[in-house]
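Structure file protein16.cif (mmCIF, C-alpha atoms) follows.
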data_my_file
loop_
_atom_site.group_PDB
_atom_site.id
_atom_site.type_symbol
_atom_site.label_atom_id
_atom_site.label_comp_id
_atom_site.auth_asym_id
_atom_site.auth_seq_id
_atom_site.Cartn_x
_atom_site.Cartn_y
_atom_site.Cartn_z
ATOM 1 C CA MET A 1 28.902 -93.492 200.362
ATOM 2 C CA GLU A 2 28.195 -89.790 200.651
ATOM 3 C CA SER A 3 30.852 -87.718 198.977
ATOM 4 C CA VAL A 4 32.274 -84.437 200.247
ATOM 5 C CA LEU A 5 33.957 -83.732 196.922
ATOM 6 C CA GLU A 6 31.034 -82.398 194.895
ATOM 7 C CA SER A 7 32.614 -78.976 194.446
ATOM 8 C CA TYR A 8 35.987 -80.428 193.454
ATOM 9 C CA PRO A 9 35.626 -82.170 190.074
ATOM 10 C CA VAL A 10 39.325 -82.933 189.522
ATOM 11 C CA LEU A 11 39.765 -84.553 192.902
ATOM 12 C CA SER A 12 36.506 -86.437 192.466
ATOM 13 C CA PHE A 13 37.783 -87.859 189.179
ATOM 14 C CA ALA A 14 41.089 -88.805 190.859
ATOM 15 C CA VAL A 15 39.283 -90.614 193.663
ATOM 16 C CA TYR A 16 37.114 -92.664 191.323
ATOM 17 C CA PHE A 17 40.081 -93.387 189.035
ATOM 18 C CA SER A 18 42.118 -94.694 191.940
ATOM 19 C CA PHE A 19 39.157 -96.813 193.091
ATOM 20 C CA PHE A 20 39.132 -98.311 189.592
ATOM 21 C CA CYS A 21 42.884 -98.980 189.578
ATOM 22 C CA LEU A 22 42.823 -100.559 193.023
ATOM 23 C CA THR A 23 39.886 -102.795 192.110
ATOM 24 C CA VAL A 24 41.674 -104.022 188.989
ATOM 25 C CA SER A 25 44.770 -104.644 191.120
ATOM 26 C CA LEU A 26 42.735 -106.655 193.623
ATOM 27 C CA PHE A 27 41.426 -108.875 190.826
ATOM 28 C CA ALA A 28 44.981 -109.324 189.501
ATOM 29 C CA GLY A 29 46.030 -110.417 192.975
ATOM 30 C CA LEU A 30 43.074 -112.815 193.096
ATOM 31 C CA TYR A 31 44.248 -114.358 189.826
ATOM 32 C CA ARG A 32 47.718 -114.961 191.250
ATOM 33 C CA LEU A 33 46.190 -116.253 194.493
ATOM 34 C CA LEU A 34 44.217 -118.889 192.592
ATOM 35 C CA MET A 35 46.878 -119.739 189.999
ATOM 36 C CA GLY A 36 50.033 -119.351 192.097
ATOM 37 C CA PRO A 37 52.094 -122.505 191.714
ATOM 38 C CA SER A 38 53.687 -122.420 195.166
ATOM 39 C CA LEU A 39 52.755 -121.313 198.658
ATOM 40 C CA PRO A 40 55.218 -118.340 198.789
ATOM 41 C CA ASP A 41 53.427 -116.910 195.745
ATOM 42 C CA ARG A 42 50.227 -116.754 197.747
ATOM 43 C CA ILE A 43 51.957 -115.119 200.709
ATOM 44 C CA VAL A 44 53.339 -112.503 198.307
ATOM 45 C CA VAL A 45 49.758 -111.832 197.238
ATOM 46 C CA MET A 46 48.794 -111.376 200.889
ATOM 47 C CA ASP A 47 51.453 -108.677 201.190
ATOM 48 C CA LEU A 48 50.216 -107.003 198.018
ATOM 49 C CA VAL A 49 46.604 -107.043 199.188
ATOM 50 C CA ALA A 50 47.633 -105.369 202.439
ATOM 51 C CA SER A 51 49.189 -102.478 200.518
ATOM 52 C CA LEU A 52 46.119 -102.307 198.297
ATOM 53 C CA VAL A 53 43.808 -102.117 201.307
ATOM 54 C CA ILE A 54 45.906 -99.289 202.764
ATOM 55 C CA GLY A 55 45.434 -97.486 199.452
ATOM 56 C CA LEU A 56 41.701 -98.197 199.480
ATOM 57 C CA ILE A 57 41.419 -96.750 202.994
ATOM 58 C CA ALA A 58 43.285 -93.622 201.889
ATOM 59 C CA THR A 59 40.949 -93.224 198.916
ATOM 60 C CA TYR A 60 37.893 -93.762 201.115
ATOM 61 C CA ILE A 61 39.160 -91.061 203.485
ATOM 62 C CA MET A 62 39.447 -88.730 200.503
ATOM 63 C CA LEU A 63 35.903 -89.573 199.445
ATOM 64 C CA THR A 64 34.128 -89.253 202.788
ATOM 65 C CA GLY A 65 36.401 -86.908 204.749
ATOM 66 C CA LYS A 66 36.365 -89.154 207.822
ATOM 67 C CA THR A 67 39.992 -89.262 208.878
ATOM 68 C CA VAL A 68 39.429 -91.682 211.772
ATOM 69 C CA TYR A 69 39.775 -94.547 209.305
ATOM 70 C CA LEU A 70 43.545 -93.992 209.298
ATOM 71 C CA ASN A 71 43.605 -96.070 212.484
ATOM 72 C CA VAL A 72 42.553 -99.038 210.381
ATOM 73 C CA ALA A 73 45.529 -98.471 208.088
ATOM 74 C CA VAL A 74 47.883 -98.416 211.094
ATOM 75 C CA VAL A 75 46.506 -101.717 212.381
ATOM 76 C CA ILE A 76 46.691 -103.391 208.958
ATOM 77 C CA ALA A 77 50.272 -102.241 208.405
ATOM 78 C CA LEU A 78 51.247 -103.823 211.719
ATOM 79 C CA LEU A 79 49.295 -107.071 211.505
ATOM 80 C CA VAL A 80 50.334 -108.041 207.994
ATOM 81 C CA PHE A 81 53.992 -107.864 208.979
ATOM 82 C CA MET A 82 53.278 -110.314 211.790
ATOM 83 C CA GLY A 83 51.460 -112.562 209.341
ATOM 84 C CA THR A 84 54.333 -112.616 206.871
ATOM 85 C CA ILE A 85 56.891 -113.364 209.574
ATOM 86 C CA ALA A 86 54.746 -116.163 210.995
ATOM 87 C CA PHE A 87 54.246 -117.732 207.570
ATOM 88 C CA ALA A 88 57.990 -117.556 206.847
ATOM 89 C CA LYS A 89 58.883 -119.146 210.155
ATOM 90 C CA TYR A 90 56.433 -122.018 209.900
ATOM 91 C CA LEU A 91 57.287 -122.666 206.258
ATOM 92 C CA TYR A 92 60.939 -122.861 207.240
ATOM 93 C CA LYS A 93 60.190 -125.378 209.976
ATOM 94 C CA GLN A 94 57.968 -127.415 207.667
ATOM 95 C CA SER A 95 60.507 -127.589 204.841
ATOM 96 C CA LYS A 96 63.249 -128.516 207.305
ATOM 97 C CA SER A 97 61.269 -131.401 208.763
ATOM 98 C CA GLN A 98 60.397 -132.666 205.290
ATOM 99 C CA LYS A 99 64.009 -132.678 204.158
ATOM 100 C CA VAL A 100 65.402 -134.716 207.051
ATOM 101 C CA MET B 1 46.058 -75.741 193.197
ATOM 102 C CA LEU B 2 45.945 -77.954 196.279
ATOM 103 C CA GLU B 3 43.231 -79.959 194.595
ATOM 104 C CA TRP B 4 45.450 -80.629 191.593
ATOM 105 C CA ILE B 5 48.424 -81.669 193.756
ATOM 106 C CA THR B 6 46.261 -84.050 195.767
ATOM 107 C CA ALA B 7 44.736 -85.512 192.615
ATOM 108 C CA ILE B 8 48.174 -86.058 191.079
ATOM 109 C CA PHE B 9 49.413 -87.805 194.211
ATOM 110 C CA LEU B 10 46.343 -90.067 194.319
ATOM 111 C CA ILE B 11 46.561 -91.003 190.659
ATOM 112 C CA LEU B 12 50.308 -91.642 190.836
ATOM 113 C CA GLY B 13 49.886 -93.831 193.906
ATOM 114 C CA SER B 14 47.123 -95.904 192.387
ATOM 115 C CA LEU B 15 49.098 -96.292 189.154
ATOM 116 C CA PHE B 16 52.086 -97.567 191.129
ATOM 117 C CA MET B 17 49.800 -100.083 192.831
ATOM 118 C CA LEU B 18 48.464 -101.137 189.443
ATOM 119 C CA VAL B 19 52.044 -101.636 188.230
ATOM 120 C CA ALA B 20 52.746 -103.812 191.273
ATOM 121 C CA ALA B 21 49.673 -105.947 190.587
ATOM 122 C CA ILE B 22 50.571 -106.317 186.917
ATOM 123 C CA GLY B 23 54.042 -107.383 188.020
ATOM 124 C CA VAL B 24 52.568 -110.014 190.323
ATOM 125 C CA VAL B 25 50.573 -111.423 187.427
ATOM 126 C CA LYS B 26 53.154 -111.185 184.653
ATOM 127 C CA LEU B 27 56.563 -111.891 186.210
ATOM 128 C CA PRO B 28 57.752 -115.488 185.900
ATOM 129 C CA ASP B 29 58.784 -116.624 189.403
ATOM 130 C CA VAL B 30 58.275 -115.865 193.054
ATOM 131 C CA TYR B 31 61.477 -113.859 193.565
ATOM 132 C CA MET B 32 60.631 -111.415 190.787
ATOM 133 C CA ARG B 33 57.104 -111.089 192.154
ATOM 134 C CA MET B 34 58.523 -110.107 195.524
ATOM 135 C CA HIS B 35 60.657 -107.549 193.726
ATOM 136 C CA ALA B 36 57.500 -106.133 192.153
ATOM 137 C CA ILE B 37 55.404 -105.777 195.280
ATOM 138 C CA THR B 38 57.951 -104.711 197.839
ATOM 139 C CA LYS B 39 58.913 -101.518 196.041
ATOM 140 C CA ALA B 40 56.025 -100.486 193.813
ATOM 141 C CA ALA B 41 53.205 -101.228 196.254
ATOM 142 C CA SER B 42 55.025 -99.547 199.148
ATOM 143 C CA LEU B 43 55.627 -96.423 197.075
ATOM 144 C CA GLY B 44 51.974 -96.425 196.025
ATOM 145 C CA ALA B 45 50.772 -96.579 199.624
ATOM 146 C CA ILE B 46 53.177 -93.794 200.623
ATOM 147 C CA LEU B 47 51.988 -91.523 197.805
ATOM 148 C CA MET B 48 48.318 -92.081 198.636
ATOM 149 C CA LEU B 49 48.885 -91.362 202.328
ATOM 150 C CA ALA B 50 50.749 -88.199 201.318
ATOM 151 C CA ALA B 51 47.659 -87.206 199.331
ATOM 152 C CA VAL B 52 45.495 -87.695 202.433
ATOM 153 C CA PHE B 53 47.820 -85.522 204.500
ATOM 154 C CA ILE B 54 47.894 -82.785 201.838
ATOM 155 C CA TRP B 55 44.103 -82.647 201.715
ATOM 156 C CA HIS B 56 43.588 -82.880 205.505
ATOM 157 C CA PRO B 57 46.498 -80.924 207.035
ATOM 158 C CA GLN B 58 45.901 -81.757 210.697
ATOM 159 C CA TRP B 59 48.310 -83.020 213.348
ATOM 160 C CA ILE B 60 46.619 -86.328 213.986
ATOM 161 C CA VAL B 61 46.367 -87.178 210.304
ATOM 162 C CA GLY B 62 50.033 -86.374 209.771
ATOM 163 C CA ILE B 63 51.186 -88.447 212.716
ATOM 164 C CA GLU B 64 49.096 -91.459 211.759
ATOM 165 C CA ALA B 65 50.063 -91.272 208.103
ATOM 166 C CA LEU B 66 53.701 -91.020 209.141
ATOM 167 C CA MET B 67 53.261 -94.083 211.364
ATOM 168 C CA VAL B 68 51.838 -96.100 208.483
ATOM 169 C CA VAL B 69 54.617 -94.930 206.158
ATOM 170 C CA LEU B 70 57.306 -95.891 208.672
ATOM 171 C CA PHE B 71 55.747 -99.303 209.270
ATOM 172 C CA VAL B 72 55.565 -99.979 205.553
ATOM 173 C CA ILE B 73 59.122 -98.801 204.914
ATOM 174 C CA PHE B 74 60.594 -100.847 207.750
ATOM 175 C CA THR B 75 58.527 -104.015 207.518
ATOM 176 C CA ALA B 76 58.195 -104.631 203.774
ATOM 177 C CA PRO B 77 61.916 -105.374 203.180
ATOM 178 C CA ILE B 78 62.194 -107.515 206.324
ATOM 179 C CA GLY B 79 59.182 -109.665 205.513
ATOM 180 C CA THR B 80 60.143 -110.045 201.876
ATOM 181 C CA HIS B 81 63.694 -110.962 202.803
ATOM 182 C CA MET B 82 62.537 -113.710 205.139
ATOM 183 C CA LEU B 83 60.074 -114.963 202.565
ATOM 184 C CA ALA B 84 62.735 -115.069 199.850
ATOM 185 C CA ARG B 85 65.046 -116.999 202.142
ATOM 186 C CA VAL B 86 62.318 -119.510 202.906
ATOM 187 C CA SER B 87 61.476 -119.836 199.201
ATOM 188 C CA HIS B 88 65.092 -120.600 198.435
ATOM 189 C CA HIS B 89 65.185 -123.097 201.249
ATOM 190 C CA MET B 90 62.000 -124.783 199.963
ATOM 191 C CA LYS B 91 63.630 -124.938 196.513
ATOM 192 C CA VAL B 92 60.863 -123.026 194.776
ATOM 193 C CA PRO B 93 61.857 -123.197 191.089
ATOM 194 C CA THR B 94 63.165 -120.058 189.414
ATOM 195 C CA GLY B 95 62.535 -118.879 185.883
ATOM 196 C CA GLU B 96 65.040 -119.010 183.091
ATOM 197 C CA GLY B 97 68.113 -116.819 182.788
ATOM 198 C CA TYR B 98 69.504 -117.067 186.314
ATOM 199 C CA VAL B 99 73.310 -117.268 186.193
ATOM 200 C CA LEU B 100 74.395 -117.240 189.857
ATOM 201 C CA ASP B 101 73.054 -118.686 193.090
ATOM 202 C CA GLU B 102 75.161 -117.446 195.960
ATOM 203 C CA MET B 103 73.057 -119.259 198.535
ATOM 204 C CA ALA B 104 73.421 -122.663 196.863
ATOM 205 C CA GLU B 105 75.753 -124.168 199.460
ATOM 206 C CA GLU B 106 74.134 -122.362 202.340
ATOM 207 C CA ASP B 107 71.273 -124.824 202.465
ATOM 208 C CA ASN B 108 73.641 -127.623 203.321
ATOM 209 C CA ASP B 109 74.897 -126.166 206.579
ATOM 210 C CA SER B 110 72.938 -124.588 209.380
ATOM 211 C CA ARG B 111 73.537 -120.905 208.804
ATOM 212 C CA GLY B 112 69.849 -120.364 208.261
ATOM 213 C CA GLU B 113 69.289 -121.184 211.904
ATOM 214 C CA LYS B 114 70.342 -117.780 213.103
ATOM 215 C CA TYR B 115 67.448 -116.154 211.254
ATOM 216 C CA PHE B 116 64.815 -118.569 212.511
ATOM 217 C CA ALA B 117 65.066 -119.534 216.152
ATOM 218 C CA PRO B 118 65.834 -123.263 216.102
ATOM 219 C CA ASP B 119 64.324 -124.229 219.436
ATOM 220 C CA ALA B 120 61.013 -122.391 219.186
#
Step by step, read the file and then write its structure as structure tokens.
Amino acid sequence: MESVLESYPVLSFAVYFSFFCLTVSLFAGLYRLLMGPSLPDRIVVMDLVASLVIGLIATYIMLTGKTVYLNVAVVIALLVFMGTIAFAKYLYKQSKSQKV
Amino acid sequence: MLEWITAIFLILGSLFMLVAAIGVVKLPDVYMRMHAITKAASLGAILMLAAVFIWHPQWIVGIEALMVVLFVIFTAPIGTHMLARVSHHMKVPTGEGYVLDEMAEEDNDSRGEKYFAPDA
């Protein structure tokens, strides 16, 4: 990763600090993904990871200066909503068929 | 000056995301975890995109960042609401200290059908 921030030490520190925070957050989400007692817990983690990836893309744009990667953030913000809705719908159908 | 503002926005956004992740790990049941992610993580993403727009003040960056912000603001409550309703319907156990369940008798009738198309 070539950086364009060599003449900006404060912003460079902020970028690496936010990379650190987001990585720790991803591992926290992984813990809940493995340990989550129910399936909605894991879907909640999917939502969290989507927000974290949007943050990682923003930080990567700050680091490299390539603003085309914002398109990736747009696509992720759209697709994860579809994923959550689909999971909710099929979980509803599954729990309804189990109850009857 | 601009460098400092951008750095503050980035650090605040990543700290909000860290708070959301800590909430997902530490809070006791699925409803409180939804409460953690749907506000803190959305605000973190919005702050970090604002930092990108402050550092790259171009039209295309502003429009795309605004699109992402609008998607996140509109879709995070909707998805979390549907997921909470499904969790209640699946009878996912709650933690201790809950005093009121206003949806307790709703599972017995078919009012949930209007949120999930019954014939699909």
Which residues fall under the PyMOL selection byres ((chain A and resi 61-70) around 12) in this file, as a PyMOL selection string? (chain A and resi 1-6+8-9+11-19+53-60+71-77) or (chain B and resi 3+6-7+9-10+48-69)
Return as a PDB file with C-alpha atoms, in the coordinates of the input the set of residues that the PyMOL selection byres ((chain B and resi 41) around 7) yields on the displayed structure.
ATOM      1  CA  LEU A  48      50.216-107.003 198.018  1.00  0.00           C
ATOM      2  CA  SER A  51      49.189-102.478 200.518  1.00  0.00           C
TER       3      SER A  51
ATOM      4  CA  PHE B  16      52.086 -97.567 191.129  1.00  0.00           C
ATOM      5  CA  MET B  17      49.800-100.083 192.831  1.00  0.00           C
ATOM      6  CA  ALA B  20      52.746-103.812 191.273  1.00  0.00           C
ATOM      7  CA  ILE B  37      55.404-105.777 195.280  1.00  0.00           C
ATOM      8  CA  THR B  38      57.951-104.711 197.839  1.00  0.00           C
ATOM      9  CA  LYS B  39      58.913-101.518 196.041  1.00  0.00           C
ATOM     10  CA  ALA B  40      56.025-100.486 193.813  1.00  0.00           C
ATOM     11  CA  SER B  42      55.025 -99.547 199.148  1.00  0.00           C
ATOM     12  CA  LEU B  43      55.627 -96.423 197.075  1.00  0.00           C
ATOM     13  CA  GLY B  44      51.974 -96.425 196.025  1.00  0.00           C
ATOM     14  CA  ALA B  45      50.772 -96.579 199.624  1.00  0.00           C
TER      15      ALA B  45
END
Leaving out Leu27 in chain B and any residue of its chain fewer than 2 positions from it, which residues lie within 12 Å of it when counting all atoms listed in the file, given as a ChimeraX atom specification? /A:32,36,41 /B:19-25,29-37,94-96
Given the choices B:Leu12, B:Met103, B:Leu47, B:Leu2, which gets closest to Val86 in chain B if the distance is worked out from only C-alpha atoms?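 Closest candidate: B:Met103.
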When you count all atoms listed in the file, which of these residues is closest to Leu15 in chain B: A:Leu22, A:Leu91, A:Leu79, A:Val44?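 Nearest to Leu15 in chain B: A:Leu22.
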Spatial neighbours of Thr84 in chain A, max dist 6 Å, all atoms listed in the file, sep filter under 3 positions, as a list in words: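 The neighbour list is Phe81 and Phe87 of chain A; Gly79 of chain B.
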For the residues in the current selection, export C-alpha atoms as a PDB file, in the coordinates of the input.
ATOM      1  CA  PHE A  81      53.992-107.864 208.979  1.00  0.00           C
ATOM      2  CA  PHE A  87      54.246-117.732 207.570  1.00  0.00           C
TER       3      PHE A  87
ATOM      4  CA  GLY B  79      59.182-109.665 205.513  1.00  0.00           C
TER       5      GLY B  79
END
With all atoms listed in the file as the basis for distance, which of A:Leu33, A:Val49, A:Met82, A:Ala88 is at the shortest distance from chain B?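 So, comparing all the options, the nearest one is A:Ala88.
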Considering all atoms listed in the file, state which residue in the set B:Lys91, B:Lys26, B:Ile46, B:Leu83 is at the smallest distance from chain A.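 Using all atoms listed in the file, the shortest distance to chain A belongs to B:Leu83.
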Check the smallest atom-to-atom distance from each of B:Gly13, B:Thr75, B:Ser87, B:Ile8 to Ile43 in chain A using all atoms listed in the file, then report the winner. B:Ser87
Computed interatomic separation between CA of Met35 in chain A and CA of Gly83 in chain A (Å):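 Between these atoms lies a distance of 21.1 Å.
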Choose the residue, out of B:Pro77, B:Ser14, B:Arg85, B:Val99, that has the smallest atom-to-atom separation from chain A; count only C-alpha atoms.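 Closest residue, counting only C-alpha atoms: B:Ser14.
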Padding 5 Å on every side, please: axis-aligned box over the listed atoms of range 16-33 of chain A, centre and edge lengths to one decimal in Å, as lines of an AutoDock Vina configuration file.
center_x = 42.4
center_y = -104.5
center_z = 191.7
size_x = 20.6
size_y = 33.6
size_z = 15.5
Could you please fill out range 48-77 of chain A with N, CA and C atoms and send it back as a PDB file, in the coordinates of the input?
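Everything below was put into selection02.pdb:
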ATOM      1  N   LEU A  48      50.719-107.976 198.996  1.00  0.00           N
ATOM      2  CA  LEU A  48      50.216-107.003 198.018  1.00  0.00           C
ATOM      3  C   LEU A  48      48.832-106.513 198.405  1.00  0.00           C
ATOM      4  N   VAL A  49      47.973-107.436 198.846  1.00  0.00           N
ATOM      5  CA  VAL A  49      46.604-107.043 199.188  1.00  0.00           C
ATOM      6  C   VAL A  49      46.598-106.115 200.400  1.00  0.00           C
ATOM      7  N   ALA A  50      47.558-106.290 201.312  1.00  0.00           N
ATOM      8  CA  ALA A  50      47.633-105.369 202.439  1.00  0.00           C
ATOM      9  C   ALA A  50      47.929-103.947 201.969  1.00  0.00           C
ATOM     10  N   SER A  51      48.896-103.814 201.050  1.00  0.00           N
ATOM     11  CA  SER A  51      49.189-102.478 200.518  1.00  0.00           C
ATOM     12  C   SER A  51      47.994-101.915 199.765  1.00  0.00           C
ATOM     13  N   LEU A  52      47.288-102.789 199.039  1.00  0.00           N
ATOM     14  CA  LEU A  52      46.119-102.307 198.297  1.00  0.00           C
ATOM     15  C   LEU A  52      45.024-101.841 199.236  1.00  0.00           C
ATOM     16  N   VAL A  53      44.851-102.526 200.370  1.00  0.00           N
ATOM     17  CA  VAL A  53      43.808-102.117 201.307  1.00  0.00           C
ATOM     18  C   VAL A  53      44.180-100.798 201.983  1.00  0.00           C
ATOM     19  N   ILE A  54      45.491-100.590 202.236  1.00  0.00           N
ATOM     20  CA  ILE A  54      45.906 -99.289 202.764  1.00  0.00           C
ATOM     21  C   ILE A  54      45.566 -98.185 201.757  1.00  0.00           C
ATOM     22  N   GLY A  55      45.801 -98.459 200.476  1.00  0.00           N
ATOM     23  CA  GLY A  55      45.434 -97.486 199.452  1.00  0.00           C
ATOM     24  C   GLY A  55      43.944 -97.260 199.364  1.00  0.00           C
ATOM     25  N   LEU A  56      43.162 -98.349 199.514  1.00  0.00           N
ATOM     26  CA  LEU A  56      41.701 -98.197 199.480  1.00  0.00           C
ATOM     27  C   LEU A  56      41.216 -97.364 200.658  1.00  0.00           C
ATOM     28  N   ILE A  57      41.825 -97.546 201.829  1.00  0.00           N
ATOM     29  CA  ILE A  57      41.419 -96.750 202.994  1.00  0.00           C
ATOM     30  C   ILE A  57      41.742 -95.277 202.760  1.00  0.00           C
ATOM     31  N   ALA A  58      42.925 -95.020 202.176  1.00  0.00           N
ATOM     32  CA  ALA A  58      43.285 -93.622 201.889  1.00  0.00           C
ATOM     33  C   ALA A  58      42.293 -93.005 200.904  1.00  0.00           C
ATOM     34  N   THR A  59      41.910 -93.758 199.889  1.00  0.00           N
ATOM     35  CA  THR A  59      40.949 -93.224 198.916  1.00  0.00           C
ATOM     36  C   THR A  59      39.579 -93.004 199.541  1.00  0.00           C
ATOM     37  N   TYR A  60      39.187 -93.910 200.440  1.00  0.00           N
ATOM     38  CA  TYR A  60      37.893 -93.762 201.115  1.00  0.00           C
ATOM     39  C   TYR A  60      37.896 -92.545 202.035  1.00  0.00           C
ATOM     40  N   ILE A  61      39.047 -92.273 202.667  1.00  0.00           N
ATOM     41  CA  ILE A  61      39.160 -91.061 203.485  1.00  0.00           C
ATOM     42  C   ILE A  61      39.004 -89.825 202.605  1.00  0.00           C
ATOM     43  N   MET A  62      39.614 -89.855 201.415  1.00  0.00           N
ATOM     44  CA  MET A  62      39.447 -88.730 200.503  1.00  0.00           C
ATOM     45  C   MET A  62      37.999 -88.552 200.099  1.00  0.00           C
ATOM     46  N   LEU A  63      37.285 -89.666 199.923  1.00  0.00           N
ATOM     47  CA  LEU A  63      35.903 -89.573 199.445  1.00  0.00           C
ATOM     48  C   LEU A  63      34.960 -89.064 200.531  1.00  0.00           C
ATOM     49  N   THR A  64      35.094 -89.580 201.752  1.00  0.00           N
ATOM     50  CA  THR A  64      34.128 -89.253 202.788  1.00  0.00           C
ATOM     51  C   THR A  64      34.611 -88.188 203.761  1.00  0.00           C
ATOM     52  N   GLY A  65      35.914 -87.907 203.810  1.00  0.00           N
ATOM     53  CA  GLY A  65      36.401 -86.908 204.749  1.00  0.00           C
ATOM     54  C   GLY A  65      36.489 -87.367 206.184  1.00  0.00           C
ATOM     55  N   LYS A  66      36.286 -88.653 206.443  1.00  0.00           N
ATOM     56  CA  LYS A  66      36.365 -89.154 207.822  1.00  0.00           C
ATOM     57  C   LYS A  66      37.780 -89.680 208.064  1.00  0.00           C
ATOM     58  N   THR A  67      38.591 -88.877 208.748  1.00  0.00           N
ATOM     59  CA  THR A  67      39.992 -89.262 208.878  1.00  0.00           C
ATOM     60  C   THR A  67      40.232 -90.285 209.978  1.00  0.00           C
ATOM     61  N   VAL A  68      39.194 -90.678 210.719  1.00  0.00           N
ATOM     62  CA  VAL A  68      39.429 -91.682 211.772  1.00  0.00           C
ATOM     63  C   VAL A  68      39.804 -93.028 211.173  1.00  0.00           C
ATOM     64  N   TYR A  69      39.479 -93.241 209.893  1.00  0.00           N
ATOM     65  CA  TYR A  69      39.775 -94.547 209.305  1.00  0.00           C
ATOM     66  C   TYR A  69      41.262 -94.779 209.124  1.00  0.00           C
ATOM     67  N   LEU A  70      42.093 -93.761 209.367  1.00  0.00           N
ATOM     68  CA  LEU A  70      43.545 -93.992 209.298  1.00  0.00           C
ATOM     69  C   LEU A  70      44.007 -94.976 210.360  1.00  0.00           C
ATOM     70  N   ASN A  71      43.255 -95.074 211.463  1.00  0.00           N
ATOM     71  CA  ASN A  71      43.605 -96.070 212.484  1.00  0.00           C
ATOM     72  C   ASN A  71      43.590 -97.470 211.907  1.00  0.00           C
ATOM     73  N   VAL A  72      42.643 -97.723 211.005  1.00  0.00           N
ATOM     74  CA  VAL A  72      42.553 -99.038 210.381  1.00  0.00           C
ATOM     75  C   VAL A  72      43.813 -99.321 209.563  1.00  0.00           C
ATOM     76  N   ALA A  73      44.317 -98.282 208.888  1.00  0.00           N
ATOM     77  CA  ALA A  73      45.529 -98.471 208.088  1.00  0.00           C
ATOM     78  C   ALA A  73      46.721 -98.787 208.986  1.00  0.00           C
ATOM     79  N   VAL A  74      46.790 -98.122 210.154  1.00  0.00           N
ATOM     80  CA  VAL A  74      47.883 -98.416 211.094  1.00  0.00           C
ATOM     81  C   VAL A  74      47.836 -99.876 211.517  1.00  0.00           C
ATOM     82  N   VAL A  75      46.640-100.339 211.889  1.00  0.00           N
ATOM     83  CA  VAL A  75      46.506-101.717 212.381  1.00  0.00           C
ATOM     84  C   VAL A  75      46.842-102.721 211.282  1.00  0.00           C
ATOM     85  N   ILE A  76      46.394-102.462 210.048  1.00  0.00           N
ATOM     86  CA  ILE A  76      46.691-103.391 208.958  1.00  0.00           C
ATOM     87  C   ILE A  76      48.177-103.435 208.675  1.00  0.00           C
ATOM     88  N   ALA A  77      48.835-102.266 208.677  1.00  0.00           N
ATOM     89  CA  ALA A  77      50.272-102.241 208.405  1.00  0.00           C
ATOM     90  C   ALA A  77      51.044-103.027 209.448  1.00  0.00           C
TER      91      ALA A  77
END
